[in-house]
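Everything on this sheet refers to the single structure shown next.
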Amino acid sequence: MQRKYTAWLVAGVTAAAVVAGTGYGYGVVTTEPPTGRKTTADDRAYVYRIPGGAHLSPNRLARFDLIEDRDGDDLFVLGDATTAAELIAAGLRPKIEQRIEPAPWEPPKRSGQAAVLSEAVAEETYNGGYRTVNAQYAHLDQVSADHSGLATVIDYGDSWRKASGKPNGYDLKAICLTKKQAGDCSLTPNSTKPRFFVQAQVHARELTTGEMAYRWIDYLTDGYGSDATATKILDTREIWVVPIANPDGVDMVQQGFMGGNSGQQWHRKNANHSHGSTCSESSFSGIGIDLNRNNGSHWGGAGTSTDPCNQTYKGPAKDSEAENKALQALYRKLFADRRATGDSTAAPADTKGMFVTMHSYADMVLFPWGFDDTVASGNDAAMRAIGKEMARLAGGWEYGQPGEILYDASGSHDDWAYDDLGVPSFTWEVGPSSGTCSGFHPAYSCQNTFWNQVKPMLTYAADKAATPYGAGTTPPPPAGCTATNGDDVVIGDNATVTSSVTVSGCTGTASSSSTAEVHIKHTYIGDLVVKLIAPDGTAYPLHENTGSGTDNIDRTYTVDLSSETRNGTWRLSVQDTATQDTGTVDTWTLRL
């Protein structure tokens, strides 16, 4: 990643002459020097680069709001104008990376759960298009009503405000999506269909994640019966989605955008103020407990804070928060406990299920252990392989344990789910580290870009839920069940072309580890959508508008074709979705 025009801060802070960087997508960038002192006139947020931060003791940075971002060995801190002096006092040499104006004022909307989740409520938005908590909940009800054979809404608990009898609290809601049969969507861990669980907006300010959950729900339900992938997923899997895991916190954020305290736009934690009611709301401070540091798996370790005002405050005790207690109870109702205790103990090879918690931002796929990157889990090889493929599908994200590519963080949801249940668990950091679509509050128009990255990851994860650790896969394809087409096919602008092979003389169904070796000459592969079409018409996505201006596709894709018979005509479909760049299907080989 590349960021330009940063300058060293000097001890006096006020003397620094700084030019802003390339942009985090938070709002209007300004170029005035920081005052070094918080005033009513300077309510901007500041992003500071910490050179060499990855090599520092976690305790040196624990009091600051570390962003989920890393550039080489540099880490980044979110704060205000006064944070510079605090960083220098801590012996650090920060650089100003970005100064961010608060979002424009909007008329306030309701706070707390609406009595009636009507169609009008479903259209409530803030900050350019992001759905309010009530809009997300109304959407769940609409989906359940419109697709009663596919969707079931579950109330799995109460937020801290509601559980504590405080005003403006919320129910905690999930939706189960599947082609319903007897016993589906039951709150028992013995489901006949493998389950894939997705949760979003654990950290309230990470707006993109709720939007990705919203689109995932619509893709599956609206696509059932017309989209082959969505249909197959709902026929064979149970998909569970929690679009807003921290509704009280999100309520605070949306009020910060809609006429309330602008500092609440940066709220990360839940709304539990019983351990720090005087904490100011700003880009580096706030009430509440960090739900992603409060889980009981290695609670209180690296990457957590004991300061109630700190954005990574771990809470007074492990698993103390209403939102986490409810989530953990839901996890245990959906997934059987398959893993014995011990950091290096593996879950068995026949474990089913998949767990993803979405965060932002850094374009990363993370997996356990998060508390210490020097400790490998018992299923590290399998989760690492899955993470690698997820990252590839997203267009080249980084992947690894948090401490390997970001920083150690204890008490996270993915660590807890794997630790307690053995289900393979991942954190996705959605959104780039720099540029116009980076940051916690990117322009709503950026969501189309993010969806094109996240959608193939989601469909892949759903597919892997059956045998994530490798058990039950069919053997590699026999040598004779291979077909190649070496005839050139010209790919024109805004055109779709196909190249076919015919397989005959083979028996049974194809392998779950079938491969399609594809060689396409093209000057801008970000324009291309490539699919493998089975004899029965089922489409298997291989490449979807990733790679930007990279030349040529020379790649072997592994595809689970175990539901398809080997014999028949298979087609490689290549669609060019833009103008100016053209190419040729050179050759491709299918091994079934």
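Simple scheme: letters A, B, ... for chains in structure tokens order, numbers from 1 for residues in each chain, numbers from 1 for ligands in the order shown.
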Give me every helix (DSSP H, G or I) residue in stretch 88-230 of chain A, going by DSSP on the backbone, as a compact mmCIF listing (two decimals) with all heavy atoms, in the first residue's frame.
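Output contents, as saved in states_34.txt:
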# COMPACT_ATOMS: atom_id res chain seq x y z
N ILE A 88 3.66 11.41 21.70
CA ILE A 88 5.04 11.84 21.90
C ILE A 88 5.45 11.63 23.35
O ILE A 88 6.57 11.18 23.64
CB ILE A 88 5.20 13.32 21.48
CG1 ILE A 88 5.04 13.45 19.96
CG2 ILE A 88 6.55 13.87 21.91
CD1 ILE A 88 4.91 14.87 19.48
N ALA A 89 4.56 11.92 24.29
CA ALA A 89 4.86 11.71 25.70
C ALA A 89 5.11 10.24 26.02
O ALA A 89 5.83 9.91 26.97
CB ALA A 89 3.71 12.25 26.57
N VAL A 121 -40.04 2.34 7.71
CA VAL A 121 -38.88 2.21 8.59
C VAL A 121 -37.74 1.52 7.85
O VAL A 121 -36.56 1.84 8.04
CB VAL A 121 -39.26 1.42 9.87
CG1 VAL A 121 -38.02 1.12 10.70
CG2 VAL A 121 -40.25 2.23 10.70
N ALA A 122 -38.07 0.57 6.99
CA ALA A 122 -37.04 -0.16 6.24
C ALA A 122 -36.24 0.74 5.33
O ALA A 122 -35.16 0.35 4.86
CB ALA A 122 -37.69 -1.28 5.43
N GLU A 123 -36.72 1.95 5.07
CA GLU A 123 -36.02 2.88 4.18
C GLU A 123 -35.19 3.91 4.95
O GLU A 123 -34.59 4.79 4.35
CB GLU A 123 -37.03 3.60 3.29
CG GLU A 123 -37.86 2.69 2.41
CD GLU A 123 -36.98 1.81 1.52
OE1 GLU A 123 -36.00 2.33 0.96
OE2 GLU A 123 -37.27 0.59 1.41
N VAL A 133 -30.41 0.79 12.45
CA VAL A 133 -30.72 -0.50 13.09
C VAL A 133 -32.16 -0.90 12.78
O VAL A 133 -32.45 -2.05 12.43
CB VAL A 133 -30.50 -0.43 14.61
CG1 VAL A 133 -30.85 -1.78 15.26
CG2 VAL A 133 -29.06 -0.05 14.93
N ASN A 134 -33.08 0.04 12.93
CA ASN A 134 -34.49 -0.27 12.66
C ASN A 134 -34.71 -0.68 11.21
O ASN A 134 -35.53 -1.56 10.92
CB ASN A 134 -35.37 0.93 13.01
CG ASN A 134 -35.60 1.04 14.51
OD1 ASN A 134 -35.91 0.06 15.17
ND2 ASN A 134 -35.44 2.24 15.04
N ALA A 135 -33.99 -0.05 10.28
CA ALA A 135 -34.13 -0.42 8.88
C ALA A 135 -33.62 -1.84 8.65
O ALA A 135 -34.23 -2.61 7.89
CB ALA A 135 -33.37 0.56 8.00
N GLN A 136 -32.53 -2.20 9.29
CA GLN A 136 -32.02 -3.57 9.17
C GLN A 136 -33.03 -4.57 9.72
O GLN A 136 -33.29 -5.62 9.11
CB GLN A 136 -30.69 -3.70 9.93
CG GLN A 136 -29.50 -3.02 9.28
CD GLN A 136 -28.78 -3.92 8.28
OE1 GLN A 136 -29.24 -5.01 7.95
NE2 GLN A 136 -27.63 -3.48 7.81
N TYR A 137 -33.62 -4.24 10.85
CA TYR A 137 -34.59 -5.16 11.45
C TYR A 137 -35.87 -5.25 10.63
O TYR A 137 -36.47 -6.33 10.48
CB TYR A 137 -34.91 -4.72 12.88
CG TYR A 137 -33.83 -5.06 13.89
CD1 TYR A 137 -32.64 -5.67 13.51
CD2 TYR A 137 -33.99 -4.77 15.24
CE1 TYR A 137 -31.65 -5.98 14.43
CE2 TYR A 137 -33.01 -5.09 16.19
CZ TYR A 137 -31.85 -5.69 15.77
OH TYR A 137 -30.88 -6.01 16.69
N ALA A 138 -36.32 -4.13 10.10
CA ALA A 138 -37.50 -4.15 9.22
C ALA A 138 -37.22 -4.97 7.96
O ALA A 138 -38.09 -5.69 7.46
CB ALA A 138 -37.90 -2.72 8.85
N HIS A 139 -35.99 -4.88 7.48
CA HIS A 139 -35.59 -5.68 6.32
C HIS A 139 -35.68 -7.18 6.62
O HIS A 139 -36.18 -7.96 5.80
CB HIS A 139 -34.16 -5.30 5.92
CG HIS A 139 -33.59 -6.12 4.82
ND1 HIS A 139 -32.47 -6.93 4.99
CD2 HIS A 139 -33.95 -6.26 3.52
CE1 HIS A 139 -32.19 -7.52 3.84
NE2 HIS A 139 -33.07 -7.15 2.95
N LEU A 140 -35.25 -7.59 7.80
CA LEU A 140 -35.35 -9.00 8.17
C LEU A 140 -36.81 -9.46 8.13
O LEU A 140 -37.13 -10.54 7.62
CB LEU A 140 -34.77 -9.23 9.57
CG LEU A 140 -33.28 -8.96 9.78
CD1 LEU A 140 -32.87 -9.34 11.20
CD2 LEU A 140 -32.43 -9.71 8.77
N ASP A 141 -37.70 -8.63 8.69
CA ASP A 141 -39.12 -9.00 8.70
C ASP A 141 -39.69 -9.05 7.28
O ASP A 141 -40.50 -9.93 6.96
CB ASP A 141 -39.91 -8.00 9.54
CG ASP A 141 -39.65 -8.16 11.04
OD1 ASP A 141 -38.99 -9.15 11.43
OD2 ASP A 141 -40.08 -7.28 11.81
N GLN A 142 -39.28 -8.12 6.44
CA GLN A 142 -39.76 -8.12 5.06
C GLN A 142 -39.29 -9.37 4.32
O GLN A 142 -40.05 -10.00 3.59
CB GLN A 142 -39.25 -6.87 4.32
CG GLN A 142 -39.99 -5.60 4.66
CD GLN A 142 -39.50 -4.43 3.82
OE1 GLN A 142 -38.37 -4.43 3.33
NE2 GLN A 142 -40.35 -3.44 3.63
N VAL A 143 -38.02 -9.73 4.49
CA VAL A 143 -37.48 -10.92 3.84
C VAL A 143 -38.23 -12.17 4.30
O VAL A 143 -38.59 -13.03 3.49
CB VAL A 143 -35.97 -11.06 4.12
CG1 VAL A 143 -35.46 -12.43 3.68
CG2 VAL A 143 -35.20 -9.96 3.42
N SER A 144 -38.51 -12.25 5.59
CA SER A 144 -39.22 -13.40 6.12
C SER A 144 -40.64 -13.48 5.57
O SER A 144 -41.15 -14.57 5.27
CB SER A 144 -39.26 -13.32 7.65
OG SER A 144 -39.96 -14.42 8.20
N ALA A 145 -41.28 -12.32 5.40
CA ALA A 145 -42.64 -12.31 4.85
C ALA A 145 -42.66 -12.62 3.36
O ALA A 145 -43.52 -13.36 2.88
CB ALA A 145 -43.28 -10.94 5.11
N ASP A 146 -41.68 -12.07 2.63
CA ASP A 146 -41.64 -12.26 1.18
C ASP A 146 -41.14 -13.65 0.78
O ASP A 146 -41.44 -14.13 -0.31
CB ASP A 146 -40.76 -11.20 0.53
CG ASP A 146 -41.34 -9.80 0.65
OD1 ASP A 146 -42.53 -9.68 0.96
OD2 ASP A 146 -40.58 -8.83 0.44
N TRP A 160 -27.60 -4.41 25.74
CA TRP A 160 -27.34 -3.99 27.12
C TRP A 160 -28.38 -3.00 27.59
O TRP A 160 -28.89 -3.11 28.71
CB TRP A 160 -25.94 -3.37 27.24
CG TRP A 160 -25.67 -2.89 28.64
CD1 TRP A 160 -25.27 -3.64 29.70
CD2 TRP A 160 -25.87 -1.56 29.13
NE1 TRP A 160 -25.19 -2.87 30.84
CE2 TRP A 160 -25.55 -1.58 30.52
CE3 TRP A 160 -26.29 -0.36 28.55
CZ2 TRP A 160 -25.63 -0.43 31.32
CZ3 TRP A 160 -26.37 0.78 29.35
CH2 TRP A 160 -26.04 0.73 30.72
N ARG A 161 -28.72 -2.02 26.78
CA ARG A 161 -29.72 -1.04 27.20
C ARG A 161 -31.04 -1.70 27.54
O ARG A 161 -31.64 -1.44 28.58
CB ARG A 161 -29.95 -0.01 26.08
CG ARG A 161 -28.88 1.06 25.93
CD ARG A 161 -29.19 1.91 24.70
NE ARG A 161 -28.31 3.06 24.55
CZ ARG A 161 -28.30 3.84 23.48
NH1 ARG A 161 -29.13 3.58 22.46
NH2 ARG A 161 -27.49 4.87 23.41
N LYS A 162 -31.51 -2.57 26.66
CA LYS A 162 -32.82 -3.20 26.90
C LYS A 162 -32.76 -4.16 28.08
O LYS A 162 -33.67 -4.17 28.92
CB LYS A 162 -33.29 -3.93 25.65
CG LYS A 162 -34.70 -4.48 25.80
CD LYS A 162 -35.26 -5.01 24.49
CE LYS A 162 -36.71 -5.47 24.69
NZ LYS A 162 -37.31 -5.99 23.43
N ALA A 163 -31.69 -4.94 28.17
CA ALA A 163 -31.55 -5.90 29.27
C ALA A 163 -31.43 -5.20 30.61
O ALA A 163 -31.82 -5.76 31.66
CB ALA A 163 -30.33 -6.80 29.04
N LEU A 207 -19.27 0.65 9.33
CA LEU A 207 -20.55 0.69 8.65
C LEU A 207 -20.65 -0.31 7.49
O LEU A 207 -21.73 -0.85 7.23
CB LEU A 207 -20.82 2.10 8.12
CG LEU A 207 -20.67 3.27 9.12
CD1 LEU A 207 -21.13 4.56 8.47
CD2 LEU A 207 -21.43 3.01 10.41
N THR A 208 -19.56 -0.53 6.80
CA THR A 208 -19.57 -1.40 5.63
C THR A 208 -20.08 -2.80 5.95
O THR A 208 -20.77 -3.42 5.14
CB THR A 208 -18.16 -1.48 5.02
OG1 THR A 208 -17.85 -0.23 4.41
CG2 THR A 208 -18.04 -2.58 3.99
N THR A 209 -19.76 -3.30 7.13
CA THR A 209 -20.05 -4.70 7.43
C THR A 209 -21.54 -4.98 7.49
O THR A 209 -22.02 -6.02 7.03
CB THR A 209 -19.37 -5.12 8.75
OG1 THR A 209 -19.92 -4.38 9.85
CG2 THR A 209 -17.87 -4.86 8.68
N GLY A 210 -22.32 -4.04 8.05
CA GLY A 210 -23.77 -4.22 8.06
C GLY A 210 -24.35 -4.25 6.66
O GLY A 210 -25.30 -4.99 6.37
N GLU A 211 -23.80 -3.43 5.78
CA GLU A 211 -24.26 -3.41 4.39
C GLU A 211 -23.94 -4.73 3.69
O GLU A 211 -24.75 -5.22 2.89
CB GLU A 211 -23.61 -2.25 3.65
CG GLU A 211 -23.97 -2.17 2.18
CD GLU A 211 -25.43 -1.81 1.91
OE1 GLU A 211 -26.10 -1.30 2.83
OE2 GLU A 211 -25.89 -2.05 0.78
N MET A 212 -22.78 -5.31 3.97
CA MET A 212 -22.43 -6.60 3.35
C MET A 212 -23.39 -7.70 3.82
O MET A 212 -23.82 -8.55 3.02
CB MET A 212 -20.99 -6.98 3.70
CG MET A 212 -19.92 -6.07 3.09
SD MET A 212 -19.93 -5.99 1.28
CE MET A 212 -20.83 -4.45 1.00
N ALA A 213 -23.76 -7.68 5.10
CA ALA A 213 -24.73 -8.65 5.60
C ALA A 213 -26.08 -8.48 4.92
O ALA A 213 -26.74 -9.45 4.55
CB ALA A 213 -24.85 -8.51 7.12
N TYR A 214 -26.51 -7.23 4.77
CA TYR A 214 -27.79 -6.91 4.12
C TYR A 214 -27.80 -7.47 2.69
O TYR A 214 -28.77 -8.11 2.27
CB TYR A 214 -27.94 -5.40 4.11
CG TYR A 214 -29.27 -4.84 3.67
CD1 TYR A 214 -30.17 -4.34 4.61
CD2 TYR A 214 -29.62 -4.77 2.33
CE1 TYR A 214 -31.39 -3.79 4.22
CE2 TYR A 214 -30.83 -4.23 1.92
CZ TYR A 214 -31.71 -3.73 2.87
OH TYR A 214 -32.91 -3.19 2.49
N ARG A 215 -26.73 -7.25 1.96
CA ARG A 215 -26.68 -7.71 0.56
C ARG A 215 -26.58 -9.23 0.47
O ARG A 215 -27.12 -9.83 -0.48
CB ARG A 215 -25.50 -7.05 -0.16
CG ARG A 215 -25.66 -5.55 -0.29
CD ARG A 215 -24.62 -4.94 -1.20
NE ARG A 215 -24.76 -3.47 -1.24
CZ ARG A 215 -24.32 -2.72 -2.23
NH1 ARG A 215 -23.70 -3.26 -3.27
NH2 ARG A 215 -24.48 -1.41 -2.18
N TRP A 216 -25.91 -9.86 1.40
CA TRP A 216 -25.82 -11.33 1.42
C TRP A 216 -27.21 -11.94 1.59
O TRP A 216 -27.58 -12.90 0.90
CB TRP A 216 -24.89 -11.75 2.55
CG TRP A 216 -24.69 -13.20 2.84
CD1 TRP A 216 -24.79 -13.79 4.07
CD2 TRP A 216 -24.31 -14.25 1.94
NE1 TRP A 216 -24.50 -15.13 3.99
CE2 TRP A 216 -24.20 -15.45 2.69
CE3 TRP A 216 -24.06 -14.31 0.57
CZ2 TRP A 216 -23.86 -16.68 2.12
CZ3 TRP A 216 -23.71 -15.53 0.00
CH2 TRP A 216 -23.62 -16.69 0.77
N ILE A 217 -28.00 -11.38 2.48
CA ILE A 217 -29.37 -11.86 2.69
C ILE A 217 -30.18 -11.73 1.40
O ILE A 217 -30.87 -12.67 0.97
CB ILE A 217 -30.03 -11.08 3.84
CG1 ILE A 217 -29.35 -11.41 5.18
CG2 ILE A 217 -31.52 -11.39 3.91
CD1 ILE A 217 -29.74 -10.46 6.30
N ASP A 218 -30.09 -10.57 0.76
CA ASP A 218 -30.87 -10.35 -0.46
C ASP A 218 -30.38 -11.22 -1.62
O ASP A 218 -31.19 -11.71 -2.42
CB ASP A 218 -30.80 -8.88 -0.87
CG ASP A 218 -31.78 -8.01 -0.09
OD1 ASP A 218 -32.56 -8.56 0.71
OD2 ASP A 218 -31.75 -6.77 -0.27
N TYR A 219 -29.08 -11.38 -1.74
CA TYR A 219 -28.55 -12.22 -2.82
C TYR A 219 -29.11 -13.64 -2.74
O TYR A 219 -29.54 -14.21 -3.75
CB TYR A 219 -27.02 -12.26 -2.76
CG TYR A 219 -26.42 -13.36 -3.59
CD1 TYR A 219 -26.43 -13.30 -4.98
CD2 TYR A 219 -25.86 -14.49 -2.98
CE1 TYR A 219 -25.91 -14.33 -5.75
CE2 TYR A 219 -25.34 -15.52 -3.74
CZ TYR A 219 -25.36 -15.44 -5.12
OH TYR A 219 -24.84 -16.47 -5.88
N LEU A 220 -29.12 -14.19 -1.55
CA LEU A 220 -29.58 -15.58 -1.40
C LEU A 220 -31.08 -15.71 -1.62
O LEU A 220 -31.54 -16.61 -2.35
CB LEU A 220 -29.21 -16.09 -0.02
CG LEU A 220 -27.71 -16.29 0.25
CD1 LEU A 220 -27.47 -16.62 1.72
CD2 LEU A 220 -27.13 -17.39 -0.64
N THR A 221 -31.87 -14.83 -1.01
CA THR A 221 -33.32 -14.98 -1.08
C THR A 221 -33.89 -14.53 -2.43
O THR A 221 -34.74 -15.21 -3.00
CB THR A 221 -34.00 -14.21 0.06
OG1 THR A 221 -33.55 -12.85 0.06
CG2 THR A 221 -33.66 -14.84 1.41
N ASP A 222 -33.39 -13.42 -2.94
CA ASP A 222 -33.88 -12.96 -4.24
C ASP A 222 -33.36 -13.83 -5.37
O ASP A 222 -33.99 -13.93 -6.43
CB ASP A 222 -33.47 -11.51 -4.49
CG ASP A 222 -34.20 -10.53 -3.57
OD1 ASP A 222 -35.22 -10.92 -2.99
OD2 ASP A 222 -33.73 -9.38 -3.44
N GLY A 223 -32.21 -14.46 -5.16
CA GLY A 223 -31.61 -15.27 -6.21
C GLY A 223 -32.06 -16.72 -6.22
O GLY A 223 -31.76 -17.45 -7.17
N ALA A 228 -27.95 -20.02 -9.86
CA ALA A 228 -27.62 -21.42 -9.55
C ALA A 228 -26.86 -21.53 -8.24
O ALA A 228 -27.09 -22.47 -7.45
CB ALA A 228 -26.80 -22.03 -10.69
N THR A 229 -25.94 -20.60 -7.98
CA THR A 229 -25.15 -20.68 -6.75
C THR A 229 -26.01 -20.43 -5.53
O THR A 229 -25.96 -21.18 -4.54
CB THR A 229 -23.99 -19.68 -6.81
OG1 THR A 229 -23.17 -19.96 -7.95
CG2 THR A 229 -23.13 -19.78 -5.55
N ALA A 230 -26.83 -19.37 -5.56
CA ALA A 230 -27.70 -19.08 -4.42
C ALA A 230 -28.67 -20.23 -4.18
O ALA A 230 -28.93 -20.61 -3.03
CB ALA A 230 -28.48 -17.78 -4.68
Original post:
So which bits of stretch 169-395 of chain A end up strand (DSSP E) when you DSSP the backbone, as a ChimeraX atom specification?
Top reply: /A:171-177,195-199,238-242,354-359,364-366
List as JSON lines every residue of stretch 383-484 of chain A that is in contact with stretch 183-194 of chain A, defined as an atom at most 12 Å from one of its atoms (using only C-alpha atoms), together with the nearest atom pair and the distance in Å rounded to one decimal, sorted by chain and then rising number.
{"residue": "A:Leu421", "atom": "CA", "partner": "A:Pro189", "partner_atom": "CA", "distance": 10.7}
{"residue": "A:Val423", "atom": "CA", "partner": "A:Pro194", "partner_atom": "CA", "distance": 11.2}
{"residue": "A:Ala461", "atom": "CA", "partner": "A:Pro194", "partner_atom": "CA", "distance": 11.1}
{"residue": "A:Ala462", "atom": "CA", "partner": "A:Pro194", "partner_atom": "CA", "distance": 8.5}
{"residue": "A:Asp463", "atom": "CA", "partner": "A:Pro194", "partner_atom": "CA", "distance": 9.1}
{"residue": "A:Lys464", "atom": "CA", "partner": "A:Pro194", "partner_atom": "CA", "distance": 9.1}
{"residue": "A:Ala465", "atom": "CA", "partner": "A:Pro194", "partner_atom": "CA", "distance": 5.7}
{"residue": "A:Ala466", "atom": "CA", "partner": "A:Pro194", "partner_atom": "CA", "distance": 5.3}
{"residue": "A:Thr467", "atom": "CA", "partner": "A:Pro194", "partner_atom": "CA", "distance": 8.7}
{"residue": "A:Pro468", "atom": "CA", "partner": "A:Pro194", "partner_atom": "CA", "distance": 10.2}
Keeping only C-alpha atoms, write the selected residues to a file as a short mmCIF file (atom, residue, chain, number, x, y, z; two decimals), in the first residue's frame.
data_model
loop_
_atom_site.label_atom_id
_atom_site.label_comp_id
_atom_site.auth_asym_id
_atom_site.auth_seq_id
_atom_site.Cartn_x
_atom_site.Cartn_y
_atom_site.Cartn_z
CA LEU A 421 -16.62 -25.24 19.59
CA VAL A 423 -15.72 -24.52 14.16
CA ALA A 461 -17.30 -20.18 2.76
CA ALA A 462 -20.84 -21.55 2.47
CA ASP A 463 -19.57 -24.32 0.22
CA LYS A 464 -16.69 -25.19 2.60
CA ALA A 465 -19.05 -25.51 5.57
CA ALA A 466 -19.69 -29.17 4.72
CA THR A 467 -16.09 -30.35 5.10
CA PRO A 468 -13.91 -27.42 6.17
#
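Comparing A:Thr427, A:Thr231, A:Ser344, A:Thr577 by their smallest distance to A:Asp493, the closest is A:Thr577 (using only C-alpha atoms).
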**OP:** List the neighbours of stretch 235-240 of chain A out to 7 Å using only C-alpha atoms; skip same-chain residues closer than 6 positions along the sequence, and give me the result as a list of chain:residue names.
**Re:** A:Ala174, A:Ile175, A:Cys176, A:Leu177, A:Thr178, A:Lys179, A:Lys193, A:Pro194, A:Arg195, A:Phe196, A:Phe197, A:Val198
**OP:** Considering only C-alpha atoms, return as a VMD selection string whatever protein or nucleic-acid residues lie within 12 Å of A:Leu561, sequence-local ones (same chain, fewer than 3 positions apart) excluded.
**Re:** chain A and resid 232 463 473 to 477 508 to 516 532 to 536 538 to 541 557 to 558 564 to 566 570 590 to 592
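In terms of minimum interatomic distance to A:Val77, A:Pro94 ranks closest within A:Gly286, A:Gly583, A:Pro94, A:Gly353, counting only C-alpha atoms.
Distance check against A:Asp343 using only C-alpha atoms: of A:Tyr418, A:Met358, A:Gln311, A:Gly296, the minimum falls on A:Tyr418.
Counting only C-alpha atoms and comparing A:Arg49, A:Arg338, A:Lys173, A:Arg555, the residue that lies closest to A:Pro424 is A:Arg338.
Nearest residue to A:Leu572 among A:Glu101, A:Asp65, A:Asp527, A:Glu517 is A:Glu517, counting only C-alpha atoms.
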Original post:
Which value, in Å to one decimal, gives the distance between atom CA of A:Trp266 and atom CA of A:Ala115?
Top reply: 27.1 Å
Subject >> Atomic distance atom CA of A:Val241 - atom CA of A:Gln201, expressed in Å with one decimal >> reply: 11.5 Å
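Nearest to A:Ala394 of all the residues A:Ala409, A:Ile287, A:Val365, A:Ala200 is A:Val365, based on only C-alpha atoms.
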**OP:** Find the residues near stretch 498-501 of chain A: any atom within 9 Å, counting only C-alpha atoms, skip ones fewer than 5 places away on the same chain, and give them as a PyMOL selection string.
**Re:** chain A and resi 483-485+487-489+568-575+585+587-590
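Around A:Leu393, within 10 Å and counting only C-alpha atoms, the residues found are Gly387, Asn452, Gln453, Val454, Lys455, Pro456, Met457, Leu458, Tyr460, Leu542, His543, Glu544, Thr546 and Gly547 of chain A, once anything fewer than 6 positions away on its own chain is removed.
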Take the residues that were just selected and, keeping N, CA, C and O atoms, output them as a short mmCIF file (atom, residue, chain, number, x, y, z; two decimals), in the first residue's frame.
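Saved to out.cif:
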data_model
loop_
_atom_site.label_atom_id
_atom_site.label_comp_id
_atom_site.auth_asym_id
_atom_site.auth_seq_id
_atom_site.Cartn_x
_atom_site.Cartn_y
_atom_site.Cartn_z
N GLY A 387 -8.23 -19.57 4.42
CA GLY A 387 -7.98 -18.14 4.42
C GLY A 387 -7.26 -17.67 3.17
O GLY A 387 -7.56 -16.60 2.63
N ASN A 452 -18.49 -6.86 -4.55
CA ASN A 452 -17.87 -7.70 -5.57
C ASN A 452 -16.69 -8.51 -5.01
O ASN A 452 -16.35 -9.56 -5.54
N GLN A 453 -16.08 -8.03 -3.94
CA GLN A 453 -15.01 -8.77 -3.28
C GLN A 453 -15.57 -9.80 -2.29
O GLN A 453 -15.10 -10.93 -2.23
N VAL A 454 -16.56 -9.36 -1.53
CA VAL A 454 -17.06 -10.20 -0.42
C VAL A 454 -17.96 -11.33 -0.91
O VAL A 454 -17.95 -12.43 -0.35
N LYS A 455 -18.74 -11.08 -1.94
CA LYS A 455 -19.68 -12.10 -2.41
C LYS A 455 -19.01 -13.44 -2.73
O LYS A 455 -19.46 -14.49 -2.25
N PRO A 456 -17.93 -13.48 -3.53
CA PRO A 456 -17.31 -14.79 -3.79
C PRO A 456 -16.71 -15.42 -2.54
O PRO A 456 -16.66 -16.66 -2.44
N MET A 457 -16.28 -14.61 -1.58
CA MET A 457 -15.79 -15.17 -0.32
C MET A 457 -16.92 -15.85 0.44
O MET A 457 -16.75 -16.93 1.02
N LEU A 458 -18.08 -15.20 0.45
CA LEU A 458 -19.23 -15.76 1.16
C LEU A 458 -19.70 -17.07 0.52
O LEU A 458 -19.98 -18.05 1.23
N TYR A 460 -17.99 -19.13 -1.28
CA TYR A 460 -16.96 -20.14 -1.03
C TYR A 460 -17.06 -20.67 0.40
O TYR A 460 -16.99 -21.88 0.65
N LEU A 542 -15.53 -18.74 -11.25
CA LEU A 542 -14.08 -18.91 -11.14
C LEU A 542 -13.38 -17.57 -10.90
O LEU A 542 -12.45 -17.48 -10.10
N HIS A 543 -13.84 -16.54 -11.61
CA HIS A 543 -13.18 -15.23 -11.55
C HIS A 543 -14.26 -14.18 -11.75
O HIS A 543 -15.02 -14.24 -12.72
N GLU A 544 -14.32 -13.19 -10.81
CA GLU A 544 -15.38 -12.18 -10.89
C GLU A 544 -14.80 -10.78 -10.74
O GLU A 544 -14.66 -10.28 -9.63
N THR A 546 -11.99 -9.30 -10.60
CA THR A 546 -10.89 -9.01 -9.70
C THR A 546 -9.60 -8.90 -10.49
O THR A 546 -9.51 -9.35 -11.63
N GLY A 547 -8.58 -8.30 -9.87
CA GLY A 547 -7.30 -8.19 -10.52
C GLY A 547 -7.04 -6.88 -11.20
O GLY A 547 -5.94 -6.62 -11.68
#
